[in-house]
Amino acid sequence: MKKFLLLILLATTSLFAQRIPESIETKKIGTRSFTVVTPPSYESNPEKNYPTLVLLDGEYLLDPFEGILKYGSYWDDLPEMIIIAIDQNNGETRFKDSEFDEAGFPSGSGANFFEFIGVELLPYVEKKYRTLPFRMISGHDTTAGFLNFYLYKDNPIFNAYISLAPEMAPEMEKRIADRLTKITKPIFYYQATGEGDLKEINEKAAELDANIKAIPNATFKYQNDAFKGASHYSLVAKAVPNAIYFIFDGYQPISMVEFQDKILKLEAGYTDYLIAKYDELEKRFGLKLKPRLSDFKAIEAAILKNKAYNELQTLGEYADKHYPKTILGTYHQALYFEKTGNFKKAVKTYQRAFTLESIRELTKDYMLNRAEALKGKEDKPSEEEPTEVPAETPTEEPTEKKE
């Protein structure tokens with residue numbers, strides 16, 4: 001009985017994110033503790049690597065960040081990631097970690113903590129856990145100001161910065177804007193303030209916002225949120241989802257808005273749109289995602305609505321690349337022949353599904369029934385308008401529901 005309960009425990013824990021207490025003995029700042037949170041799929045998907053999110057003030061920022069990431073990944077709106085939450089709220093630790101000199105640069109214990117993250121913490125985590133090169137960092141007030149120091153480097157170690165009600169070092173509101181004009185790697189920068197916060201915090205943040213918005217031909221992505229009615233603490237709950245969704249804009253499945261406002265309005269290149277979407281996710285974040293079936297359905301619906309039937313061939317080739325043993329690619333090829341009036345080839349192609357695996361509603365029976373419905377129909381001359389076949393297809397416009 002005990003062995004049975006242990007197996008049940010091991011099976012269920014792999015379905016949830018794991019919080020792992022960690023500590024390392026550093027060379028300059030002694031023993032430091034932190035928590036590593038691995039996502040639900042970490043144990044069950046050993047070939048998968050994940051972006052990393054470093055949280056300063058990890059004791060109280062971990063819950064809001066972990067919560068929105070759990071919610072977003074459940075709906076496939078956000079990628080799963082590894083969180084590194086650094087403990088800093090023991091006594092004056094967070095203030096010592098953020099120390100800077102009169103000129104506005106890390107000094108003393110602040111300089112040591114700055115080096116600890118880049119030289120010791122990140123190498124330790126990336127050696128032990130399966131990470132991607134895409135790194136994010138976030139902090140609140142004192143630690144939000146501190147994280148900006150990483151942008152002072154020519155090749156910053158972080159790709160994305162989430163600054164919540166920052167208490168800035170001298171000249172930081174000017175230096176950050178200046179650095180953003182010079183850094184060549186893609187950068188995401190998010191800043192948030194609350195209307196009810198300290199006047200000094202809001203004034204400095206507003207000045208930085210103005211300086212960043214004045215940059216011509218910006219090569220980075222930037223968003224600033226000033227929340228009305230929010231306090232120094234409540235702005236965190238408002239800002240966290242905005243920040244994460246800002247950084248991972250474009251990760252989400254094709255929505256009805258995207259379908260109507262962007263895809264349907266294209267004159268051509270519907271399959272290219274789909275390919276570019278997933279190529280960009282790999283280029284930007286290192287995420288190697290299998291294109292979602294709902295996105296294939298959205299592109300198919302656009303092709304049919306705009307009668308761009310030739311694109312069904314390239315859509316089928318793309319489907320065969322990512323779902324090679326399934327019916328999906330064969331279905332698109334058969335649909336191309338059907339819509340262009342080449343019924344004999346359509347019948348033969350639909351019948352090929354007998355040796356392939358079903359995928360969602362594309363079953364072997366469905367494909368064979370479509371072949372049967374087309375038997376006896378005469379092929380149409382190429383110059384004539386393709387004949388519409390009354391049999392229903394499983395094509396639908398995109399929905400907001402999870403697959």
# chains A, B, ... in the order shown; residues from 1 in each chain; ligands from 1

call {"tool": "residues_around", "arguments": {"residues": "Tyr318 (chain A)", "least_positions_apart": "5", "cutoff": "9 Å", "atoms": "only C-alpha atoms", "output": "PyMOL selection string"}}
result
chain A and resi 271+275+313+323+329

call {"tool": "closest_atom_pairs", "arguments": {"of": "region 115-135 of chain A", "to": "region 81-91 of chain A", "cutoff": "9 Å", "atoms": "only C-alpha atoms", "output": "JSON lines"}}
result
{"residue": "A:Val125", "atom": "CA", "partner": "A:Ile84", "partner_atom": "CA", "distance": 8.3}
{"residue": "A:Tyr129", "atom": "CA", "partner": "A:Ile82", "partner_atom": "CA", "distance": 8.5}
{"residue": "A:Arg130", "atom": "CA", "partner": "A:Ile82", "partner_atom": "CA", "distance": 8.6}
{"residue": "A:Thr131", "atom": "CA", "partner": "A:Ile82", "partner_atom": "CA", "distance": 7.4}

call {"tool": "select_by_dssp", "arguments": {"residues": "region 105-298 of chain A", "states": "strand (DSSP E)", "output": "VMD selection string"}}
result
chain A and resid 131 to 140 160 to 164 188 to 194 221 to 227

call {"tool": "closest_residue", "arguments": {"among": "A:Pro241, A:Pro381, A:Pro133, A:Gly341", "to": "Lys70 (chain A)", "atoms": "only C-alpha atoms"}}
result
A:Pro241

call {"tool": "residues_around", "arguments": {"residues": "Phe343 (chain A)", "least_positions_apart": "2", "cutoff": "12 Å", "atoms": "only C-alpha atoms", "output": "PyMOL selection string"}}
result
chain A and resi 333-341+345-350+370-382+386-389
